[in-house]
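Asks: Input structure: input14.txt, which contains compact mmCIF, C-alpha atoms.
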# COMPACT_ATOMS: atom_id res chain seq x y z
CA MET A 22 -88.90 -73.53 67.82
CA ALA A 23 -90.07 -77.03 67.04
CA ASP A 24 -87.50 -79.79 66.95
CA ARG A 25 -87.19 -81.55 63.64
CA ARG A 26 -87.61 -85.26 63.45
CA ARG A 27 -84.42 -86.93 62.42
CA LYS A 28 -85.25 -89.42 59.68
CA GLN A 29 -84.13 -93.01 60.21
CA ARG A 30 -80.81 -93.18 58.46
CA ARG A 31 -80.99 -95.79 55.75
CA SER A 32 -77.44 -96.73 54.79
CA GLU A 33 -76.75 -96.01 51.15
CA PRO A 34 -75.04 -98.69 49.06
CA ARG A 35 -71.47 -97.68 48.57
CA GLU A 36 -70.67 -96.80 44.98
CA GLN A 37 -67.52 -97.82 43.15
CA PRO A 38 -65.22 -94.88 42.44
CA GLU A 39 -65.56 -93.60 38.90
CA GLY A 40 -63.91 -95.77 36.23
CA ALA A 41 -62.47 -98.26 38.69
CA GLN A 42 -62.14 -101.68 37.12
CA ARG A 43 -62.52 -104.65 39.31
CA GLU A 44 -59.22 -106.50 39.39
CA LYS A 45 -59.53 -109.87 37.77
CA ALA A 46 -58.59 -112.93 39.77
CA ILE A 47 -55.79 -115.11 38.47
CA ARG A 48 -56.69 -118.69 37.73
CA ALA A 49 -54.22 -121.41 38.38
CA GLN A 50 -54.25 -125.17 38.72
CA GLY A 51 -52.63 -127.02 41.51
CA VAL A 52 -52.49 -130.10 43.64
CA VAL A 53 -53.75 -130.24 47.18
CA VAL A 54 -50.85 -130.89 49.48
CA GLU A 55 -52.40 -130.76 52.89
CA LYS A 56 -55.82 -130.60 54.42
CA LEU A 57 -56.00 -127.99 57.19
CA PRO A 58 -58.75 -127.32 59.73
CA SER A 59 -61.68 -125.04 58.88
CA ALA A 60 -61.90 -126.26 55.28
CA MET A 61 -58.54 -124.73 54.36
CA PHE A 62 -56.03 -126.45 52.13
CA ARG A 63 -52.43 -126.01 51.20
CA VAL A 64 -52.19 -126.29 47.45
CA GLN A 65 -49.10 -126.56 45.34
CA VAL A 66 -49.60 -124.36 42.32
CA GLN A 67 -47.79 -124.57 39.01
CA ARG A 68 -47.76 -121.50 36.88
CA GLU A 69 -47.18 -121.37 33.11
CA ASP A 70 -43.57 -120.40 33.55
CA GLY A 71 -42.94 -123.47 35.66
CA THR A 72 -42.69 -121.76 39.02
CA ALA A 73 -44.41 -123.54 41.80
CA HIS A 74 -45.51 -122.18 45.09
CA GLU A 75 -47.75 -123.04 47.93
CA VAL A 76 -51.05 -121.35 48.36
CA LEU A 77 -53.31 -121.25 51.37
CA ALA A 78 -56.71 -121.80 49.88
CA HIS A 79 -60.26 -121.90 51.15
CA VAL A 80 -63.17 -123.64 49.55
CA SER A 81 -65.60 -121.65 47.50
CA GLY A 82 -69.21 -121.41 48.57
CA LYS A 83 -70.46 -123.19 45.49
CA ILE A 84 -68.37 -126.23 46.24
CA ARG A 85 -69.41 -126.19 49.87
CA MET A 86 -73.03 -126.00 48.88
CA ARG A 87 -72.68 -129.18 46.84
CA TRP A 88 -71.02 -131.06 49.69
CA ILE A 89 -68.01 -131.86 47.55
CA ARG A 90 -65.18 -133.35 49.54
CA ILE A 91 -61.61 -132.37 48.81
CA MET A 92 -58.61 -134.45 49.85
CA ALA A 93 -54.88 -134.36 49.57
CA GLY A 94 -53.72 -135.23 46.12
CA ASP A 95 -56.75 -133.78 44.34
CA ARG A 96 -56.19 -131.58 41.35
CA VAL A 97 -58.02 -128.29 41.74
CA THR A 98 -58.34 -124.94 40.04
CA LEU A 99 -57.75 -121.90 42.16
CA GLU A 100 -58.58 -118.26 41.90
CA LEU A 101 -55.73 -116.18 43.20
CA SER A 102 -55.88 -112.55 44.17
CA PRO A 103 -53.53 -110.30 42.22
CA TYR A 104 -52.80 -108.58 45.50
CA ASP A 105 -51.58 -111.69 47.25
CA LEU A 106 -50.55 -114.75 45.31
CA THR A 107 -50.25 -116.90 48.39
CA ARG A 108 -53.96 -116.87 49.07
CA GLY A 109 -56.59 -118.47 46.90
CA ARG A 110 -60.04 -119.88 46.49
CA ILE A 111 -60.70 -123.39 45.30
CA VAL A 112 -63.26 -123.17 42.53
CA TRP A 113 -63.10 -126.51 40.75
CA LEU A 114 -62.27 -130.04 41.68
CA HIS A 115 -61.02 -132.09 38.78
CA LYS A 116 -61.99 -135.70 38.39
CA MET B 15 -79.02 -81.90 61.68
CA SER B 16 -76.29 -83.76 63.42
CA ARG B 17 -77.35 -82.92 66.95
CA ARG B 18 -79.07 -85.85 68.55
CA ALA B 19 -81.24 -84.48 71.32
CA SER B 20 -82.66 -87.90 72.03
CA ASP B 21 -79.27 -89.43 72.68
CA ALA B 22 -78.71 -87.50 75.86
CA VAL B 23 -80.43 -88.06 79.16
CA PRO B 24 -83.07 -85.48 80.12
CA THR B 25 -81.76 -83.20 82.83
CA ARG B 26 -83.52 -82.02 85.93
CA LYS B 27 -83.28 -78.37 86.69
CA SER B 28 -82.32 -76.91 90.05
CA ARG B 29 -84.52 -74.43 91.81
CA ARG B 30 -82.33 -71.64 90.57
CA GLU B 31 -82.48 -72.84 87.02
CA LEU B 32 -86.24 -73.18 87.23
CA ALA B 33 -86.46 -69.64 88.52
CA ALA B 34 -84.50 -68.42 85.50
CA MET B 35 -86.68 -70.41 83.16
CA SER B 36 -89.74 -69.06 84.90
CA ALA B 37 -88.50 -65.54 84.33
CA ALA B 38 -87.85 -66.33 80.69
CA GLY B 39 -91.27 -67.91 80.43
CA ARG B 40 -92.88 -64.81 81.85
CA ILE B 41 -91.22 -62.72 79.18
CA VAL B 42 -92.45 -65.11 76.51
CA ALA B 43 -95.99 -64.89 77.82
CA GLY B 44 -95.89 -61.14 78.22
CA LEU B 45 -94.59 -60.81 74.69
CA LEU B 46 -97.28 -63.06 73.25
CA ASP B 47 -99.90 -61.09 75.17
CA LEU B 48 -98.54 -57.90 73.63
CA LEU B 49 -98.32 -59.32 70.12
CA GLU B 50 -101.88 -60.55 70.33
CA GLY B 51 -102.96 -56.95 70.34
CA LYS B 52 -100.46 -55.93 67.69
CA ALA B 53 -101.24 -58.66 65.19
CA VAL B 54 -103.90 -56.85 63.19
CA PRO B 55 -104.58 -56.57 59.46
CA GLY B 56 -102.02 -54.35 57.77
CA VAL B 57 -99.14 -55.15 60.07
CA SER B 58 -96.14 -56.97 58.66
CA THR B 59 -94.47 -59.90 60.37
CA GLY B 60 -91.23 -57.96 60.21
CA GLU B 61 -92.70 -55.28 62.47
CA LEU B 62 -93.84 -57.92 64.94
CA ASP B 63 -90.33 -59.31 64.96
CA GLU B 64 -88.86 -55.92 65.82
CA ILE B 65 -91.38 -55.37 68.59
CA ALA B 66 -90.53 -58.79 69.93
CA GLU B 67 -86.80 -58.26 70.01
CA GLN B 68 -87.15 -54.92 71.72
CA PHE B 69 -89.57 -56.29 74.29
CA ILE B 70 -87.24 -59.12 75.18
CA ARG B 71 -84.13 -57.00 75.48
CA GLU B 72 -85.88 -54.37 77.55
CA ARG B 73 -86.51 -57.05 80.12
CA ARG B 74 -82.87 -58.15 80.05
CA GLY B 75 -83.55 -61.32 78.17
CA GLU B 76 -82.02 -62.56 74.94
CA PRO B 77 -83.90 -63.89 71.93
CA SER B 78 -83.22 -67.63 71.86
CA PHE B 79 -83.84 -68.16 68.19
CA LYS B 80 -81.53 -65.57 66.72
CA GLY B 81 -78.54 -67.50 65.51
CA LEU B 82 -80.02 -70.84 66.49
CA TYR B 83 -78.94 -73.20 63.71
CA GLY B 84 -78.56 -69.99 61.69
CA TYR B 85 -82.07 -68.67 62.17
CA PRO B 86 -82.04 -64.93 61.47
CA ALA B 87 -84.90 -63.54 63.54
CA THR B 88 -86.44 -63.40 66.99
CA ILE B 89 -89.82 -64.92 66.27
CA CYS B 90 -91.03 -67.64 63.94
CA CYS B 91 -94.14 -66.72 62.01
CA ALA B 92 -96.56 -69.28 60.68
CA PRO B 93 -99.44 -67.79 58.72
CA ASN B 94 -102.34 -69.96 57.57
CA ASP B 95 -100.98 -73.00 55.79
CA VAL B 96 -97.50 -72.56 57.21
CA VAL B 97 -96.95 -74.88 60.14
CA VAL B 98 -93.79 -73.44 61.66
CA HIS B 99 -90.63 -71.42 61.25
CA SER B 100 -91.39 -68.91 58.55
CA ILE B 101 -88.94 -66.01 58.71
CA PRO B 102 -90.64 -62.67 59.46
CA SER B 103 -90.32 -60.01 56.82
CA GLY B 104 -91.46 -56.50 56.12
CA GLN B 105 -93.02 -57.82 52.94
CA SER B 106 -95.43 -60.26 54.47
CA VAL B 107 -98.42 -58.27 55.59
CA LEU B 108 -101.24 -59.77 57.61
CA ARG B 109 -104.75 -59.71 56.25
CA GLU B 110 -108.17 -60.03 57.83
CA GLY B 111 -109.10 -63.65 58.26
CA ASP B 112 -105.53 -64.91 58.49
CA ILE B 113 -104.29 -66.98 61.36
CA LEU B 114 -100.71 -66.45 62.45
CA GLY B 115 -98.70 -68.71 64.67
CA VAL B 116 -95.99 -66.85 66.57
CA ASP B 117 -93.24 -68.91 68.16
CA VAL B 118 -90.72 -67.18 70.38
CA GLY B 119 -87.90 -68.22 72.65
CA VAL B 120 -86.30 -66.18 75.40
CA GLU B 121 -83.10 -66.77 77.31
CA VAL B 122 -82.50 -65.56 80.85
CA ASP B 123 -79.28 -66.37 82.70
CA GLY B 124 -78.41 -69.08 80.23
CA LEU B 125 -81.75 -70.85 80.39
CA HIS B 126 -84.44 -70.83 77.74
CA ALA B 127 -88.19 -70.82 77.56
CA ASP B 128 -90.15 -71.46 74.36
CA GLY B 129 -93.76 -70.62 73.66
CA THR B 130 -96.17 -70.29 70.77
CA ARG B 131 -99.62 -68.94 70.16
CA THR B 132 -101.63 -68.89 66.98
CA PHE B 133 -103.45 -65.58 66.66
CA ALA B 134 -106.58 -64.68 64.76
CA ILE B 135 -106.01 -61.62 62.57
CA GLY B 136 -109.20 -59.62 62.65
CA GLU B 137 -112.30 -61.75 62.23
CA ILE B 138 -111.64 -65.31 61.21
CA GLY B 139 -113.98 -68.00 59.93
CA HIS B 140 -115.46 -70.66 62.14
CA ARG B 141 -113.29 -73.33 60.50
CA ALA B 142 -110.16 -71.54 61.64
CA ARG B 143 -111.63 -70.75 65.04
CA ARG B 144 -112.43 -74.41 65.64
CA LEU B 145 -108.93 -75.43 64.63
CA LEU B 146 -107.35 -73.00 67.07
CA ASP B 147 -109.58 -74.10 69.92
CA ALA B 148 -108.86 -77.77 69.29
CA THR B 149 -105.11 -77.18 69.14
CA ARG B 150 -105.13 -75.13 72.31
CA GLU B 151 -107.07 -77.84 74.09
CA ALA B 152 -104.74 -80.54 72.78
CA LEU B 153 -101.85 -78.67 74.37
CA ALA B 154 -103.71 -78.49 77.66
CA LYS B 155 -104.43 -82.20 77.48
CA GLY B 156 -100.77 -82.88 76.90
CA ILE B 157 -99.74 -80.69 79.82
CA GLU B 158 -102.16 -82.57 82.09
CA GLN B 159 -100.10 -85.69 81.45
CA ALA B 160 -96.78 -84.11 82.30
CA VAL B 161 -96.58 -85.34 85.86
CA GLU B 162 -93.89 -87.17 87.76
CA GLY B 163 -93.97 -90.85 86.90
CA ALA B 164 -95.69 -90.43 83.57
CA THR B 165 -93.92 -91.08 80.31
CA VAL B 166 -93.48 -89.02 77.18
CA GLU B 167 -95.81 -91.45 75.48
CA ASP B 168 -98.62 -90.36 77.79
CA ILE B 169 -98.23 -86.81 76.59
CA SER B 170 -98.01 -87.84 72.95
CA ARG B 171 -101.05 -90.04 73.24
CA ALA B 172 -103.14 -87.37 74.93
CA VAL B 173 -102.32 -84.82 72.26
CA GLU B 174 -102.88 -87.17 69.36
CA THR B 175 -106.15 -88.48 70.74
CA HIS B 176 -107.60 -85.04 71.15
CA VAL B 177 -106.50 -83.84 67.73
CA VAL B 178 -107.80 -86.87 65.90
CA ALA B 179 -111.07 -86.78 67.80
CA ALA B 180 -111.58 -83.25 66.58
CA GLY B 181 -111.14 -84.45 63.02
CA TYR B 182 -107.71 -82.95 62.44
CA SER B 183 -104.29 -84.52 61.99
CA VAL B 184 -101.00 -84.26 63.82
CA VAL B 185 -97.91 -83.06 61.99
CA ARG B 186 -95.30 -85.76 62.42
CA ASP B 187 -92.17 -84.15 61.05
CA LEU B 188 -91.73 -81.83 64.00
CA THR B 189 -91.89 -82.46 67.69
CA GLY B 190 -91.79 -80.93 71.11
CA HIS B 191 -88.59 -81.21 73.06
CA GLY B 192 -86.83 -80.95 76.35
CA ILE B 193 -85.56 -77.45 77.02
CA GLY B 194 -83.14 -75.83 79.43
CA ARG B 195 -79.63 -74.64 78.82
CA ARG B 196 -80.19 -75.44 75.17
CA VAL B 197 -83.40 -74.77 73.29
CA HIS B 198 -83.60 -78.35 72.10
CA GLU B 199 -82.68 -81.01 74.65
CA ALA B 200 -83.60 -84.59 75.28
CA PRO B 201 -86.19 -86.02 75.08
CA SER B 202 -88.16 -85.50 71.90
CA VAL B 203 -91.83 -84.99 72.69
CA PRO B 204 -93.76 -86.15 69.65
CA ASN B 205 -97.39 -85.20 69.29
CA PHE B 206 -98.33 -88.67 68.15
CA VAL B 207 -97.54 -92.24 69.10
CA ASP B 208 -95.68 -94.42 66.63
CA HIS B 209 -93.02 -96.71 67.98
CA LYS B 210 -91.50 -97.26 64.58
CA VAL B 211 -90.46 -93.63 64.43
CA PHE B 212 -89.46 -92.74 67.97
CA ARG B 213 -88.18 -95.76 69.78
CA HIS B 214 -86.26 -94.28 72.66
CA ASP B 215 -88.20 -91.17 73.54
CA TYR B 216 -91.62 -92.58 74.41
CA GLY B 217 -90.34 -94.57 77.35
CA VAL B 218 -88.67 -91.62 79.05
CA ARG B 219 -90.12 -91.36 82.53
CA LEU B 220 -90.79 -87.82 83.70
CA GLN B 221 -89.14 -86.74 86.92
CA ARG B 222 -89.47 -83.70 89.11
CA GLY B 223 -87.39 -80.87 87.67
CA MET B 224 -87.55 -81.88 84.04
CA THR B 225 -88.53 -79.12 81.69
CA LEU B 226 -90.30 -79.76 78.43
CA ALA B 227 -91.63 -77.72 75.56
CA ILE B 228 -94.89 -79.33 74.53
CA GLU B 229 -96.05 -78.05 71.17
CA PRO B 230 -98.88 -79.68 69.23
CA MET B 231 -98.74 -78.76 65.55
CA VAL B 232 -102.09 -79.52 64.00
CA ALA B 233 -103.08 -79.69 60.34
CA GLU B 234 -106.65 -79.11 59.24
CA GLY B 235 -106.27 -81.62 56.42
CA ALA B 236 -103.58 -84.18 55.72
CA PRO B 237 -100.52 -84.25 58.01
CA ARG B 238 -97.96 -84.18 55.22
CA VAL B 239 -95.76 -81.10 55.18
CA VAL B 240 -93.31 -79.75 52.66
CA GLN B 241 -90.38 -77.46 53.16
CA ASP B 242 -89.90 -74.18 51.34
CA PRO B 243 -86.73 -73.34 49.42
CA ASP B 244 -85.68 -71.00 52.22
CA GLY B 245 -84.83 -74.09 54.18
CA TRP B 246 -86.90 -73.06 57.17
CA THR B 247 -90.59 -72.79 56.40
CA TYR B 248 -92.74 -75.89 56.70
CA ARG B 249 -96.21 -75.77 55.18
CA THR B 250 -99.01 -78.25 54.71
CA ALA B 251 -98.76 -80.19 51.48
CA ASP B 252 -102.47 -79.76 50.81
CA GLY B 253 -102.45 -76.04 51.53
CA LYS B 254 -104.95 -76.27 54.38
CA LEU B 255 -104.63 -74.39 57.64
CA SER B 256 -102.32 -75.31 60.45
CA ALA B 257 -102.26 -74.21 64.08
CA HIS B 258 -99.53 -74.38 66.70
CA PHE B 259 -99.56 -73.75 70.44
CA GLU B 260 -96.71 -74.32 72.82
CA HIS B 261 -95.88 -74.01 76.47
CA THR B 262 -92.71 -74.69 78.40
CA VAL B 263 -93.61 -76.72 81.46
CA ALA B 264 -91.73 -77.97 84.47
CA VAL B 265 -92.57 -81.37 85.91
CA THR B 266 -93.34 -81.16 89.62
CA ARG B 267 -94.55 -83.44 92.36
CA GLY B 268 -98.12 -82.51 91.45
CA ALA B 269 -99.51 -80.98 88.31
CA ALA B 270 -97.10 -79.59 85.76
CA ARG B 271 -96.10 -76.01 86.25
CA VAL B 272 -96.53 -73.96 83.12
CA LEU B 273 -93.62 -71.55 82.90
CA THR B 274 -94.77 -69.57 79.87
CA VAL B 275 -97.40 -67.58 81.72
CA SER B 276 -97.46 -63.97 82.81
CA GLY B 277 -97.82 -63.11 86.46
CA GLU B 278 -96.28 -64.70 89.51
CA ARG B 279 -98.54 -67.68 89.79
CA SER B 280 -98.29 -70.35 87.12
CA GLY B 281 -101.48 -71.48 85.46
CA ASP B 282 -102.74 -74.70 83.98
CA GLY B 283 -102.12 -73.63 80.41
CA ARG B 284 -105.71 -72.73 79.71
CA GLY B 285 -105.22 -69.11 80.64
CA ARG B 286 -106.73 -69.36 84.08
CA PRO B 287 -104.42 -68.62 87.01
CA ARG B 288 -104.12 -71.37 89.59
CA ARG B 289 -105.33 -70.39 93.02
CA THR B 290 -102.70 -70.75 95.75
Using the file provided, produce a representation of the structure as structure tokens.

Replies:
Amino acid sequence: MADRRRKQRRSEPREQPEGAQREKAIRAQGVVVEKLPSAMFRVQVQREDGTAHEVLAHVSGKIRMRWIRIMAGDRVTLELSPYDLTRGRIVWLHK
Amino acid sequence: MSRRASDAVPTRKSRRELAAMSAAGRIVAGLLDLLEGKAVPGVSTGELDEIAEQFIRERRGEPSFKGLYGYPATICCAPNDVVVHSIPSGQSVLREGDILGVDVGVEVDGLHADGTRTFAIGEIGHRARRLLDATREALAKGIEQAVEGATVEDISRAVETHVVAAGYSVVRDLTGHGIGRRVHEAPSVPNFVDHKVFRHDYGVRLQRGMTLAIEPMVAEGAPRVVQDPDGWTYRTADGKLSAHFEHTVAVTRGAARVLTVSGERSGDGRGRPRRT
């Protein structure tokens, strides 16, 4: 009996489960407190209700691409994950 | 198919194992000799299958294909445009001018042999005759390459060259294979050379004791094949004829020893016994 040729397995793109909505990121503004290695920053975030907390944030690719430098004291907008409010992504540097 | 024959290392068979495979091969050859006479117009493939099973069991062998990946019969029939694996049935009756490929596997003491011949049913046209001759020769050319130190690619190249030179094409969806304790073992033995498709198998170096089933599957027209709804039968997409010959061979210090021959002395695959 002839052996069948096994086709090269081309990985299929994984589909989203039916009806799943992508969780929206939470936007918040804050002030950079500390510059950490590897383009990470500690940002003090104020939320509408007045609570403040520190977020470990990384720089978004778009900002990196433009060679924008971020320093302590800068006002930035972050995107926070609804799953973990202590982590964020810096998406905008305010003047 | 989740089995990956090409992921394992080809095994070398001991003298005892080779003796068992030789015995199995002799049954295969004897059966094909018998079926050659029985395959006449008016006979159904189902009858041939019954004859085959009885023949094998009488000689204390077991049909290798029955139950293999769920295959229900002893032989694989391949009439005309069918390349391989059609299931025999009482309904399919042979007619004058048909060609029929019969593929059979036999197990003796846990070891398998696999062989195929394409028969002419009654008188066949010269187109079919030429196809059979070319395929048989391609197999012989492939066997010539199966010596210690050669690679699988040498076999593949020899087969492909001969087939293409004759104006035919090689079916690429099915290949030869190592054989031993399982019907399909490493390595895959393609009948063509294309490194994009088989990366690992071509480089396999043949060593004494390896056992391979070399089986050129040749299409008269285009090499594309399609599968039937039964999940087994492969036929040519363009409906033209296809031929299939196969021998199980053992790699030795010298020329390859063809195991699927009748008689004590192994031949060279062309039907002529080798003189001792």

Asks: Once you count all atoms listed in the file, which residues of chain A turn out to be within 6 Å of chain B? Could you give them as a list in words?

Replies: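 That gives Ala23, Asp24, Arg25 and Arg26 of chain A for chain A.
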
Asks: For the atom pair atom CA of Ser276 of chain B and atom CA of His140 of chain B, what is the interatomic distance in Å to one decimal place?

Replies: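 Spanning atom CA of Ser276 of chain B to atom CA of His140 of chain B is a straight-line distance of 28.2 Å.
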
Asks: What gap, in Å, lies between atom CA of Ala73 of chain A and atom CA of Leu106 of chain A?

Replies: 11.3 Å

Asks: List every protein, DNA or RNA residue that has at least one atom no more than 8 Å from (-48.4, -123.2, 44.6) in the file's coordinates, counting all atoms listed in the file, and write the result as an mmCIF file with C-alpha atoms, in the frame of the given file.

Replies:
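out.cif, written as the output of this step:
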data_model
loop_
_atom_site.group_PDB
_atom_site.id
_atom_site.type_symbol
_atom_site.label_atom_id
_atom_site.label_comp_id
_atom_site.auth_asym_id
_atom_site.auth_seq_id
_atom_site.Cartn_x
_atom_site.Cartn_y
_atom_site.Cartn_z
ATOM 1 C CA GLY A 51 -52.630 -127.020 41.510
ATOM 2 C CA VAL A 64 -52.190 -126.290 47.450
ATOM 3 C CA GLN A 65 -49.100 -126.560 45.340
ATOM 4 C CA VAL A 66 -49.600 -124.360 42.320
ATOM 5 C CA GLN A 67 -47.790 -124.570 39.010
ATOM 6 C CA ARG A 68 -47.760 -121.500 36.880
ATOM 7 C CA ALA A 73 -44.410 -123.540 41.800
ATOM 8 C CA HIS A 74 -45.510 -122.180 45.090
ATOM 9 C CA GLU A 75 -47.750 -123.040 47.930
ATOM 10 C CA VAL A 76 -51.050 -121.350 48.360
ATOM 11 C CA THR A 107 -50.250 -116.900 48.390
#

Asks: So, counting only C-alpha atoms, which residue among B:Arg141, B:Arg26, B:Lys155, B:Arg271 is closest to Tyr182 of chain B?

Replies: B:Arg141

Asks: Would you mind listing what lies within 12 Å of Arg150 of chain B as a ChimeraX atom specification, with all atoms listed in the file counted and same-chain residues fewer than 4 positions away left out?

Replies: /B:115,130-133,143-146,154-157,173,176-177,180,228-232,257-261,282-285

Asks: Just the selected residues (C-alpha atoms), exported as an mmCIF file, in the frame of the given file, please.

Replies:
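So result.cif came out as:
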data_model
loop_
_atom_site.group_PDB
_atom_site.id
_atom_site.type_symbol
_atom_site.label_atom_id
_atom_site.label_comp_id
_atom_site.auth_asym_id
_atom_site.auth_seq_id
_atom_site.Cartn_x
_atom_site.Cartn_y
_atom_site.Cartn_z
ATOM 1 C CA GLY B 115 -98.700 -68.710 64.670
ATOM 2 C CA THR B 130 -96.170 -70.290 70.770
ATOM 3 C CA ARG B 131 -99.620 -68.940 70.160
ATOM 4 C CA THR B 132 -101.630 -68.890 66.980
ATOM 5 C CA PHE B 133 -103.450 -65.580 66.660
ATOM 6 C CA ARG B 143 -111.630 -70.750 65.040
ATOM 7 C CA ARG B 144 -112.430 -74.410 65.640
ATOM 8 C CA LEU B 145 -108.930 -75.430 64.630
ATOM 9 C CA LEU B 146 -107.350 -73.000 67.070
ATOM 10 C CA ALA B 154 -103.710 -78.490 77.660
ATOM 11 C CA LYS B 155 -104.430 -82.200 77.480
ATOM 12 C CA GLY B 156 -100.770 -82.880 76.900
ATOM 13 C CA ILE B 157 -99.740 -80.690 79.820
ATOM 14 C CA VAL B 173 -102.320 -84.820 72.260
ATOM 15 C CA HIS B 176 -107.600 -85.040 71.150
ATOM 16 C CA VAL B 177 -106.500 -83.840 67.730
ATOM 17 C CA ALA B 180 -111.580 -83.250 66.580
ATOM 18 C CA ILE B 228 -94.890 -79.330 74.530
ATOM 19 C CA GLU B 229 -96.050 -78.050 71.170
ATOM 20 C CA PRO B 230 -98.880 -79.680 69.230
ATOM 21 C CA MET B 231 -98.740 -78.760 65.550
ATOM 22 C CA VAL B 232 -102.090 -79.520 64.000
ATOM 23 C CA ALA B 257 -102.260 -74.210 64.080
ATOM 24 C CA HIS B 258 -99.530 -74.380 66.700
ATOM 25 C CA PHE B 259 -99.560 -73.750 70.440
ATOM 26 C CA GLU B 260 -96.710 -74.320 72.820
ATOM 27 C CA HIS B 261 -95.880 -74.010 76.470
ATOM 28 C CA ASP B 282 -102.740 -74.700 83.980
ATOM 29 C CA GLY B 283 -102.120 -73.630 80.410
ATOM 30 C CA ARG B 284 -105.710 -72.730 79.710
ATOM 31 C CA GLY B 285 -105.220 -69.110 80.640
#

Asks: Could you tell me how far atom CA of Glu167 of chain B sits from atom CA of Gly181 of chain B, in Å to one decimal place?

Replies: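 These two atoms are separated by 21.0 Å.
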
Asks: Excluding same-chain residues fewer than 4 positions from Lys83 of chain A, what lies within 12 Å of it counting all atoms listed in the file, as a PyMOL selection string?

Replies: chain A and resi 79+87-89+110-114
